[in-house]
Amino acid sequence: MKQKKIVVINDLLPTEQPGAASIAYRLFNKFNTESSARYWTTSVQPTSLIHENPHISLLRISEDAARQSSRGLKHKLKCEYLSLTPLIWLYKQVRAEKPSVAIVQQIGNRFPRTLIPLMNFMGVKVICTLHDFSWLVPRKLFPKDLKISSSELLEKGKLEGNRQADNSIIREGSLLRYTVFRFRLLINRQILNHCASVIAISQLQAEIYKSFGFKISAVIPNNVEKCSCKLPLETRRENTILLFAGRSYAKGLEEVFEITQENPSTILYLAGPSDLPERAKSKLNPDQFYYFGNLEPSKLYELLHKIGFVVVLSECFDVYPTITLEALSHGSLVLTNRNTGNSELVASIFPNLVINDIASLDFNALALMSTEIRDSMKFKEVQDRVTGDEMFLEYSRYVNRILNL
C-alpha cells in the first residue's frame, strides 16, 4: 500500500455532540492504526481525548464563537463560508502536516465549507461525506425548513432542471431569502463537485442530492465499533429507562416527554446540550428525569448498557442517526419513527419498535418483551450489520484510488 498521510476533519469532537463526530473519530482511529493519520477539529471545552492521542489537533474557540451560526443570516453565512480564523488555522495545519488526503465529515458551523477549495488549492485531495441535507437546506437559518421530509425533497428534486428544483425548495418569503437560497445552492454545488469523491450515507439521500445537481461518488452507510466495554459485574439493565441523546431541536423531544408522561414507571435520561434539563423541567416531575450533560463516548457506551431504550423520533428526515447504531452495538433497543433513514434496520428486529403514532404506543408491553427481543437472532444479526468494518474498507479503497491516480 502506498504510504499516505490522511487527515479527518470534523466541526466537533464526539464528546461535544455525537453523530457525525463519532463516525469521523472512528475513521481517524481506524486509519491511524494502519498509517499516519490526523484528526482536526474544534472545541469550546478542554478534552481528555487530546491527552490520549497526540495526533489530534484542536482549534479552541470561545462559547460566543460557537453560537455564531444560530444568530441569523449574517452570522450563519460567515460560519459557512467566511470564517477567517479557522481557515488560517487550517492553512497552517496543512503547511505543517502536509496531508495527501483529507476526509471531510460534518462542517459548516465551525469549519467553513470553503476549507474544501483551500485544500484543493494546496494540493490535498478531498473526500467529503454528507451526513444530512444541510448542503441543500440551511440548518438553523430558517428553522421551518427543517420540516422538509425526504419524500418532499425527492419530489422537488425530480422537477425538470436544477433551476426548477432549486426554486421548489425556496418557499414564499422575501427577495433576500430567495437570493440566499439560490446563491447558497450554487456555491455548495461548486464546492462539492470539485471534491475528489463525495460520499452519501444512504441511497435515498444520494438520489435527492443527485436530483439537485450534486455529483455523488458512492453510498457508504455508517457503522460503529463492536462493543468491547468492560463493565462491572453489578451492571444491570433497567428496561423502563429511556435515553434521549442529542440536540434539543428537530429530534422529537416533545414526543419523548409525552412517552415519559404517559408511562409513570419510566425514567428519562438526557444527554446533550445544557438546554435539555430546562426543557424537561417544564414537562416532567423532577424525579422523572436525570441529566448527564455532554458525555464522552466511553461514558455514553456505559450508559447504553444500563437502559432499556434509546428514543430517536426525528421531526424531519434524519439520514442515518449514529445514536441508533451505537445503541444497537451496546445492546440497547431503539424506539424510532419512519423519518430516520435506518428505521428499516430497527423494524427488522421487531416492527413495533418503529412508532407511527405516539397514541398507539404500548410502551409497557415493549418493556416486558425487551429482554426477549434483545436475545433474539434478529437482534444479533442487525448488531453484526452495524458493527462491521465495511465502512472503513470502502473509505480505504477510495483513498487508495485517489492516491494512485
# chains A, B, ... in the order shown; residues from 1 in each chain; ligands from 1
$ residues_around --residues "range 101-105 of chain A" --least-positions-apart "5" --cutoff "6 Å" --atoms "only C-alpha atoms" --output "list in words"
Ile6, Val7, Val8, Ile9, Asn10, Val124, Lys125, Val126, Ile127, Cys128 and Thr129 of chain A
$ residues_around --residues "Ser100 in chain A" --least-positions-apart "3" --cutoff "12 Å" --atoms "only C-alpha atoms" --output "PyMOL selection string"
chain A and resi 2-8+35-38+94-95+97+103+119-120+122-127+196+399-400+402-404
$ closest_residue --among "A:Leu328, A:Val334, A:Ala206, A:Ala200" --to "Leu243 in chain A" --atoms "only C-alpha atoms"
A:Val334
$ closest_residue --among "A:Val256, A:Val180, A:Thr235, A:Leu393" --to "Lys30 in chain A" --atoms "only C-alpha atoms"
A:Leu393
$ residues_around --residues "Ala359 in chain A" --least-positions-apart "5" --cutoff "10 Å" --atoms "only C-alpha atoms" --output "PyMOL selection string"
chain A and resi 258-259+262
$ closest_residue --among "A:Ala367, A:Leu84, A:Leu13, A:Val224" --to "Phe392 in chain A" --atoms "only C-alpha atoms"
A:Val224
$ closest_residue --among "A:Tyr25, A:Phe183, A:Tyr269, A:Phe257" --to "Leu284 in chain A" --atoms "only C-alpha atoms"
A:Phe257
$ select_by_dssp --residues "range 113-339 of chain A" --states "strand (DSSP E or B)" --output "JSON, numbers by chain"
{"A": [125, 126, 127, 128, 129, 130, 197, 198, 199, 200, 218, 219, 238, 239, 240, 241, 242, 243, 244, 245, 267, 268, 269, 270, 271, 289, 290, 291, 307, 308, 309, 310, 311, 312, 318, 333, 334, 335, 336]}
$ write_last_selection --atoms "N, CA and C atoms" --output "mmCIF file, in the first residue's frame"
data_model
loop_
_atom_site.group_PDB
_atom_site.id
_atom_site.type_symbol
_atom_site.label_atom_id
_atom_site.label_comp_id
_atom_site.auth_asym_id
_atom_site.auth_seq_id
_atom_site.Cartn_x
_atom_site.Cartn_y
_atom_site.Cartn_z
ATOM 1 N N LYS A 125 -6.100 16.188 -1.814
ATOM 2 C CA LYS A 125 -7.302 15.585 -2.368
ATOM 3 C C LYS A 125 -8.359 15.473 -1.266
ATOM 4 N N VAL A 126 -9.620 15.791 -1.598
ATOM 5 C CA VAL A 126 -10.677 15.831 -0.584
ATOM 6 C C VAL A 126 -11.759 14.793 -0.871
ATOM 7 N N ILE A 127 -12.059 13.990 0.148
ATOM 8 C CA ILE A 127 -13.245 13.130 0.152
ATOM 9 C C ILE A 127 -14.216 13.757 1.149
ATOM 10 N N CYS A 128 -15.413 14.108 0.701
ATOM 11 C CA CYS A 128 -16.388 14.765 1.581
ATOM 12 C C CYS A 128 -17.598 13.859 1.787
ATOM 13 N N THR A 129 -17.989 13.700 3.044
ATOM 14 C CA THR A 129 -19.151 12.882 3.387
ATOM 15 C C THR A 129 -20.328 13.772 3.755
ATOM 16 N N LEU A 130 -21.508 13.444 3.229
ATOM 17 C CA LEU A 130 -22.733 14.176 3.515
ATOM 18 C C LEU A 130 -23.523 13.409 4.570
ATOM 19 N N SER A 197 -13.989 12.894 -4.247
ATOM 20 C CA SER A 197 -15.119 11.977 -4.061
ATOM 21 C C SER A 197 -16.105 12.614 -3.092
ATOM 22 N N VAL A 198 -17.388 12.386 -3.343
ATOM 23 C CA VAL A 198 -18.437 12.819 -2.424
ATOM 24 C C VAL A 198 -19.228 11.584 -2.025
ATOM 25 N N ILE A 199 -19.318 11.334 -0.722
ATOM 26 C CA ILE A 199 -19.933 10.123 -0.181
ATOM 27 C C ILE A 199 -21.271 10.457 0.456
ATOM 28 N N ALA A 200 -22.320 9.743 0.073
ATOM 29 C CA ALA A 200 -23.605 9.798 0.774
ATOM 30 C C ALA A 200 -23.680 8.598 1.720
ATOM 31 N N ALA A 218 -20.372 7.673 -4.254
ATOM 32 C CA ALA A 218 -20.687 6.369 -3.675
ATOM 33 C C ALA A 218 -21.624 6.550 -2.489
ATOM 34 N N VAL A 219 -22.272 5.447 -2.122
ATOM 35 C CA VAL A 219 -23.066 5.384 -0.893
ATOM 36 C C VAL A 219 -22.360 4.433 0.065
ATOM 37 N N GLU A 238 -32.010 -1.680 33.089
ATOM 38 C CA GLU A 238 -33.376 -1.369 33.529
ATOM 39 C C GLU A 238 -34.219 -1.077 32.288
ATOM 40 N N ASN A 239 -35.150 -1.972 31.990
ATOM 41 C CA ASN A 239 -35.900 -1.877 30.745
ATOM 42 C C ASN A 239 -36.886 -0.718 30.695
ATOM 43 N N THR A 240 -37.159 -0.080 31.821
ATOM 44 C CA THR A 240 -38.097 1.049 31.826
ATOM 45 C C THR A 240 -37.382 2.405 31.778
ATOM 46 N N ILE A 241 -36.064 2.390 31.559
ATOM 47 C CA ILE A 241 -35.322 3.646 31.421
ATOM 48 C C ILE A 241 -35.170 3.981 29.943
ATOM 49 N N LEU A 242 -35.541 5.208 29.575
ATOM 50 C CA LEU A 242 -35.366 5.724 28.222
ATOM 51 C C LEU A 242 -34.168 6.668 28.192
ATOM 52 N N LEU A 243 -33.478 6.713 27.073
ATOM 53 C CA LEU A 243 -32.378 7.669 26.890
ATOM 54 C C LEU A 243 -32.635 8.515 25.661
ATOM 55 N N PHE A 244 -32.554 9.830 25.833
ATOM 56 C CA PHE A 244 -32.547 10.765 24.708
ATOM 57 C C PHE A 244 -31.159 11.393 24.679
ATOM 58 N N ALA A 245 -30.455 11.237 23.565
ATOM 59 C CA ALA A 245 -29.098 11.786 23.438
ATOM 60 C C ALA A 245 -29.005 12.572 22.141
ATOM 61 N N ILE A 267 -38.306 6.241 33.523
ATOM 62 C CA ILE A 267 -37.371 7.315 33.861
ATOM 63 C C ILE A 267 -36.679 7.741 32.567
ATOM 64 N N LEU A 268 -36.536 9.032 32.366
ATOM 65 C CA LEU A 268 -35.890 9.556 31.163
ATOM 66 C C LEU A 268 -34.491 10.060 31.490
ATOM 67 N N TYR A 269 -33.490 9.504 30.799
ATOM 68 C CA TYR A 269 -32.120 10.004 30.884
ATOM 69 C C TYR A 269 -31.891 10.952 29.707
ATOM 70 N N LEU A 270 -31.283 12.085 29.976
ATOM 71 C CA LEU A 270 -30.986 13.077 28.949
ATOM 72 C C LEU A 270 -29.482 13.285 28.848
ATOM 73 N N ALA A 271 -28.945 13.267 27.634
ATOM 74 C CA ALA A 271 -27.521 13.537 27.405
ATOM 75 C C ALA A 271 -27.404 14.478 26.216
ATOM 76 N N PHE A 289 -36.693 12.438 35.481
ATOM 77 C CA PHE A 289 -35.584 12.554 34.528
ATOM 78 C C PHE A 289 -34.268 12.844 35.243
ATOM 79 N N TYR A 290 -33.175 12.474 34.574
ATOM 80 C CA TYR A 290 -31.813 12.782 35.022
ATOM 81 C C TYR A 290 -31.045 13.341 33.835
ATOM 82 N N TYR A 291 -30.238 14.346 34.084
ATOM 83 C CA TYR A 291 -29.441 14.972 33.024
ATOM 84 C C TYR A 291 -27.971 14.665 33.234
ATOM 85 N N ILE A 307 -29.678 1.038 30.270
ATOM 86 C CA ILE A 307 -31.024 1.492 29.914
ATOM 87 C C ILE A 307 -31.714 0.478 29.012
ATOM 88 N N GLY A 308 -33.039 0.622 28.893
ATOM 89 C CA GLY A 308 -33.785 -0.290 28.039
ATOM 90 C C GLY A 308 -33.875 0.173 26.608
ATOM 91 N N PHE A 309 -34.130 1.490 26.416
ATOM 92 C CA PHE A 309 -34.419 2.005 25.084
ATOM 93 C C PHE A 309 -33.746 3.360 24.858
ATOM 94 N N VAL A 310 -33.216 3.559 23.662
ATOM 95 C CA VAL A 310 -32.837 4.879 23.179
ATOM 96 C C VAL A 310 -33.986 5.358 22.295
ATOM 97 N N VAL A 311 -34.381 6.629 22.451
ATOM 98 C CA VAL A 311 -35.509 7.162 21.693
ATOM 99 C C VAL A 311 -34.989 8.116 20.612
ATOM 100 N N VAL A 312 -35.293 7.808 19.352
ATOM 101 C CA VAL A 312 -34.837 8.607 18.208
ATOM 102 C C VAL A 312 -36.063 8.912 17.347
ATOM 103 N N ASP A 318 -34.054 12.229 8.973
ATOM 104 C CA ASP A 318 -32.739 12.103 9.593
ATOM 105 C C ASP A 318 -32.031 10.974 8.863
ATOM 106 N N LEU A 333 -32.226 -1.417 22.932
ATOM 107 C CA LEU A 333 -33.237 -1.329 21.887
ATOM 108 C C LEU A 333 -33.461 0.130 21.518
ATOM 109 N N VAL A 334 -34.072 0.350 20.356
ATOM 110 C CA VAL A 334 -34.297 1.708 19.848
ATOM 111 C C VAL A 334 -35.776 1.884 19.527
ATOM 112 N N LEU A 335 -36.357 2.977 20.040
ATOM 113 C CA LEU A 335 -37.681 3.417 19.617
ATOM 114 C C LEU A 335 -37.481 4.532 18.603
ATOM 115 N N THR A 336 -37.976 4.349 17.392
ATOM 116 C CA THR A 336 -37.733 5.341 16.353
ATOM 117 C C THR A 336 -38.994 5.523 15.507
#
$ residues_around --residues "Asn223 in chain A" --least-positions-apart "6" --cutoff "12 Å" --atoms "only C-alpha atoms" --output "PDB file with N, CA and C atoms, in the first residue's frame"
ATOM      1  N   GLY A  19     -22.845  11.562  16.853  1.00  0.00           N
ATOM      2  CA  GLY A  19     -23.381  11.586  15.491  1.00  0.00           C
ATOM      3  C   GLY A  19     -22.243  11.547  14.498  1.00  0.00           C
ATOM      4  N   ALA A  20     -22.203  12.542  13.595  1.00  0.00           N
ATOM      5  CA  ALA A  20     -21.142  12.593  12.589  1.00  0.00           C
ATOM      6  C   ALA A  20     -19.766  12.626  13.232  1.00  0.00           C
ATOM      7  N   SER A  22     -18.813  11.129  15.915  1.00  0.00           N
ATOM      8  CA  SER A  22     -18.434   9.763  16.308  1.00  0.00           C
ATOM      9  C   SER A  22     -17.919   8.978  15.113  1.00  0.00           C
ATOM     10  N   ILE A  23     -18.578   9.151  13.965  1.00  0.00           N
ATOM     11  CA  ILE A  23     -18.140   8.462  12.739  1.00  0.00           C
ATOM     12  C   ILE A  23     -16.764   8.978  12.318  1.00  0.00           C
ATOM     13  N   ALA A  24     -16.586  10.299  12.357  1.00  0.00           N
ATOM     14  CA  ALA A  24     -15.298  10.892  11.979  1.00  0.00           C
ATOM     15  C   ALA A  24     -14.182  10.371  12.884  1.00  0.00           C
ATOM     16  N   TYR A  25     -14.459  10.326  14.172  1.00  0.00           N
ATOM     17  CA  TYR A  25     -13.438   9.876  15.136  1.00  0.00           C
ATOM     18  C   TYR A  25     -13.111   8.391  14.921  1.00  0.00           C
ATOM     19  N   ARG A  26     -14.125   7.612  14.573  1.00  0.00           N
ATOM     20  CA  ARG A  26     -13.863   6.196  14.314  1.00  0.00           C
ATOM     21  C   ARG A  26     -12.982   6.030  13.072  1.00  0.00           C
ATOM     22  N   LEU A  27     -13.272   6.771  12.014  1.00  0.00           N
ATOM     23  CA  LEU A  27     -12.447   6.699  10.807  1.00  0.00           C
ATOM     24  C   LEU A  27     -11.004   7.075  11.110  1.00  0.00           C
ATOM     25  N   ILE A 201     -24.560   8.679   2.719  1.00  0.00           N
ATOM     26  CA  ILE A 201     -24.640   7.579   3.691  1.00  0.00           C
ATOM     27  C   ILE A 201     -25.926   6.762   3.551  1.00  0.00           C
ATOM     28  N   SER A 202     -26.809   7.149   2.623  1.00  0.00           N
ATOM     29  CA  SER A 202     -27.967   6.315   2.303  1.00  0.00           C
ATOM     30  C   SER A 202     -28.318   6.519   0.835  1.00  0.00           C
ATOM     31  N   TYR A 320     -29.292   8.981   8.744  1.00  0.00           N
ATOM     32  CA  TYR A 320     -28.804   7.704   9.281  1.00  0.00           C
ATOM     33  C   TYR A 320     -28.280   7.942  10.698  1.00  0.00           C
ATOM     34  N   PRO A 321     -29.174   8.136  11.690  1.00  0.00           N
ATOM     35  CA  PRO A 321     -28.741   8.536  13.033  1.00  0.00           C
ATOM     36  C   PRO A 321     -27.715   7.588  13.647  1.00  0.00           C
ATOM     37  N   THR A 322     -26.572   8.136  14.042  1.00  0.00           N
ATOM     38  CA  THR A 322     -25.498   7.320  14.611  1.00  0.00           C
ATOM     39  C   THR A 322     -25.879   6.750  15.963  1.00  0.00           C
ATOM     40  N   ILE A 323     -26.663   7.495  16.745  1.00  0.00           N
ATOM     41  CA  ILE A 323     -27.026   7.010  18.077  1.00  0.00           C
ATOM     42  C   ILE A 323     -27.806   5.698  17.986  1.00  0.00           C
ATOM     43  N   THR A 324     -28.554   5.505  16.903  1.00  0.00           N
ATOM     44  CA  THR A 324     -29.251   4.228  16.694  1.00  0.00           C
ATOM     45  C   THR A 324     -28.245   3.089  16.571  1.00  0.00           C
ATOM     46  N   LEU A 325     -27.201   3.308  15.799  1.00  0.00           N
ATOM     47  CA  LEU A 325     -26.183   2.273  15.594  1.00  0.00           C
ATOM     48  C   LEU A 325     -25.427   1.985  16.889  1.00  0.00           C
ATOM     49  N   GLU A 326     -25.084   3.051  17.614  1.00  0.00           N
ATOM     50  CA  GLU A 326     -24.348   2.873  18.869  1.00  0.00           C
ATOM     51  C   GLU A 326     -25.196   2.140  19.910  1.00  0.00           C
ATOM     52  N   ALA A 327     -26.480   2.474  19.955  1.00  0.00           N
ATOM     53  CA  ALA A 327     -27.379   1.801  20.887  1.00  0.00           C
ATOM     54  C   ALA A 327     -27.427   0.302  20.597  1.00  0.00           C
ATOM     55  N   LEU A 328     -27.610  -0.068  19.329  1.00  0.00           N
ATOM     56  CA  LEU A 328     -27.681  -1.483  18.961  1.00  0.00           C
ATOM     57  C   LEU A 328     -26.374  -2.200  19.258  1.00  0.00           C
ATOM     58  N   SER A 329     -25.257  -1.541  18.993  1.00  0.00           N
ATOM     59  CA  SER A 329     -23.953  -2.147  19.277  1.00  0.00           C
ATOM     60  C   SER A 329     -23.807  -2.511  20.746  1.00  0.00           C
ATOM     61  N   ASN A 342     -32.448   4.792   9.090  1.00  0.00           N
ATOM     62  CA  ASN A 342     -32.163   3.403   9.466  1.00  0.00           C
ATOM     63  C   ASN A 342     -33.318   2.768  10.244  1.00  0.00           C
ATOM     64  N   VAL A 382     -28.677  -7.898  13.234  1.00  0.00           N
ATOM     65  CA  VAL A 382     -28.583  -6.458  12.997  1.00  0.00           C
ATOM     66  C   VAL A 382     -27.349  -5.881  13.686  1.00  0.00           C
ATOM     67  N   GLN A 383     -27.047  -6.350  14.887  1.00  0.00           N
ATOM     68  CA  GLN A 383     -25.817  -5.925  15.575  1.00  0.00           C
ATOM     69  C   GLN A 383     -24.594  -6.161  14.692  1.00  0.00           C
ATOM     70  N   ASP A 384     -24.531  -7.329  14.072  1.00  0.00           N
ATOM     71  CA  ASP A 384     -23.385  -7.641  13.206  1.00  0.00           C
ATOM     72  C   ASP A 384     -23.335  -6.707  12.003  1.00  0.00           C
ATOM     73  N   ARG A 385     -24.506  -6.337  11.463  1.00  0.00           N
ATOM     74  CA  ARG A 385     -24.545  -5.459  10.285  1.00  0.00           C
ATOM     75  C   ARG A 385     -24.030  -4.062  10.602  1.00  0.00           C
ATOM     76  N   VAL A 386     -24.328  -3.548  11.784  1.00  0.00           N
ATOM     77  CA  VAL A 386     -23.979  -2.153  12.088  1.00  0.00           C
ATOM     78  C   VAL A 386     -22.600  -2.015  12.733  1.00  0.00           C
ATOM     79  N   THR A 387     -21.931  -3.139  13.014  1.00  0.00           N
ATOM     80  CA  THR A 387     -20.630  -3.048  13.685  1.00  0.00           C
ATOM     81  C   THR A 387     -19.484  -3.642  12.879  1.00  0.00           C
ATOM     82  N   GLY A 388     -19.694  -3.864  11.598  1.00  0.00           N
ATOM     83  CA  GLY A 388     -18.619  -4.421  10.786  1.00  0.00           C
ATOM     84  C   GLY A 388     -17.602  -3.369  10.377  1.00  0.00           C
ATOM     85  N   ASP A 389     -16.621  -3.778   9.574  1.00  0.00           N
ATOM     86  CA  ASP A 389     -15.569  -2.876   9.081  1.00  0.00           C
ATOM     87  C   ASP A 389     -15.806  -2.425   7.651  1.00  0.00           C
ATOM     88  N   GLU A 390     -17.012  -2.672   7.112  1.00  0.00           N
ATOM     89  CA  GLU A 390     -17.269  -2.344   5.707  1.00  0.00           C
ATOM     90  C   GLU A 390     -17.067  -0.856   5.420  1.00  0.00           C
ATOM     91  N   MET A 391     -17.510   0.012   6.329  1.00  0.00           N
ATOM     92  CA  MET A 391     -17.361   1.454   6.117  1.00  0.00           C
ATOM     93  C   MET A 391     -15.893   1.830   5.952  1.00  0.00           C
ATOM     94  N   PHE A 392     -15.050   1.377   6.873  1.00  0.00           N
ATOM     95  CA  PHE A 392     -13.630   1.699   6.805  1.00  0.00           C
ATOM     96  C   PHE A 392     -12.991   1.132   5.544  1.00  0.00           C
ATOM     97  N   LEU A 393     -13.349  -0.090   5.177  1.00  0.00           N
ATOM     98  CA  LEU A 393     -12.765  -0.719   3.987  1.00  0.00           C
ATOM     99  C   LEU A 393     -13.134   0.060   2.726  1.00  0.00           C
ATOM    100  N   GLU A 394     -14.388   0.547   2.652  1.00  0.00           N
ATOM    101  CA  GLU A 394     -14.806   1.327   1.493  1.00  0.00           C
ATOM    102  C   GLU A 394     -14.041   2.650   1.419  1.00  0.00           C
TER     103      GLU A 394
END
$ closest_residue --among "A:Gly341, A:Pro273, A:Pro232, A:Gly246" --to "Leu204 in chain A" --atoms "only C-alpha atoms"
A:Gly341
$ atom_distance --atom1 "CA of Pro351 in chain A" --atom2 "CA of Gln17 in chain A"
28.9 Å
$ select_by_dssp --residues "range 193-222 of chain A" --states "helix (DSSP H, G or I)" --output "PyMOL selection string"
chain A and resi 203-211
$ write_last_selection --atoms "C-alpha atoms" --output "mmCIF file, in the first residue's frame"
data_model
loop_
_atom_site.group_PDB
_atom_site.id
_atom_site.type_symbol
_atom_site.label_atom_id
_atom_site.label_comp_id
_atom_site.auth_asym_id
_atom_site.auth_seq_id
_atom_site.Cartn_x
_atom_site.Cartn_y
_atom_site.Cartn_z
ATOM 1 C CA GLN A 203 -29.306 5.566 -1.166
ATOM 2 C CA LEU A 204 -32.297 7.884 -0.785
ATOM 3 C CA GLN A 205 -30.020 10.721 0.341
ATOM 4 C CA ALA A 206 -27.817 10.150 -2.717
ATOM 5 C CA GLU A 207 -30.828 10.253 -5.068
ATOM 6 C CA ILE A 208 -32.022 13.530 -3.556
ATOM 7 C CA TYR A 209 -28.636 15.223 -3.872
ATOM 8 C CA LYS A 210 -28.198 13.988 -7.455
ATOM 9 C CA SER A 211 -31.591 15.403 -8.402
#
$ atom_distance --atom1 "CA of Phe28 in chain A" --atom2 "CA of Ala65 in chain A"
25.6 Å
$ closest_residue --among "A:Asn339, A:Asn222, A:Ser282, A:Asn193" --to "Gly252 in chain A" --atoms "only C-alpha atoms"
A:Asn339
$ residues_around --residues "range 286-288 of chain A" --least-positions-apart "4" --cutoff "9 Å" --atoms "only C-alpha atoms" --output "ChimeraX atom specification"
/A:260-261,264-269,280-281
$ residues_around --residues "Ser62 in chain A" --least-positions-apart "6" --cutoff "10 Å" --atoms "only C-alpha atoms" --output "list in words"
Ser43, Val44 and Gln45 of chain A
$ write_last_selection --atoms "N, CA and C atoms" --output "short mmCIF file (atom, residue, chain, number, x, y, z; two decimals), in the first residue's frame"
data_model
loop_
_atom_site.label_atom_id
_atom_site.label_comp_id
_atom_site.auth_asym_id
_atom_site.auth_seq_id
_atom_site.Cartn_x
_atom_site.Cartn_y
_atom_site.Cartn_z
N SER A 43 -13.13 22.79 19.62
CA SER A 43 -13.77 22.53 20.90
C SER A 43 -13.85 23.80 21.72
N VAL A 44 -14.92 23.91 22.50
CA VAL A 44 -15.06 25.02 23.43
C VAL A 44 -14.37 24.67 24.75
N GLN A 45 -14.56 23.44 25.21
CA GLN A 45 -14.01 22.98 26.48
C GLN A 45 -12.78 22.10 26.25
#
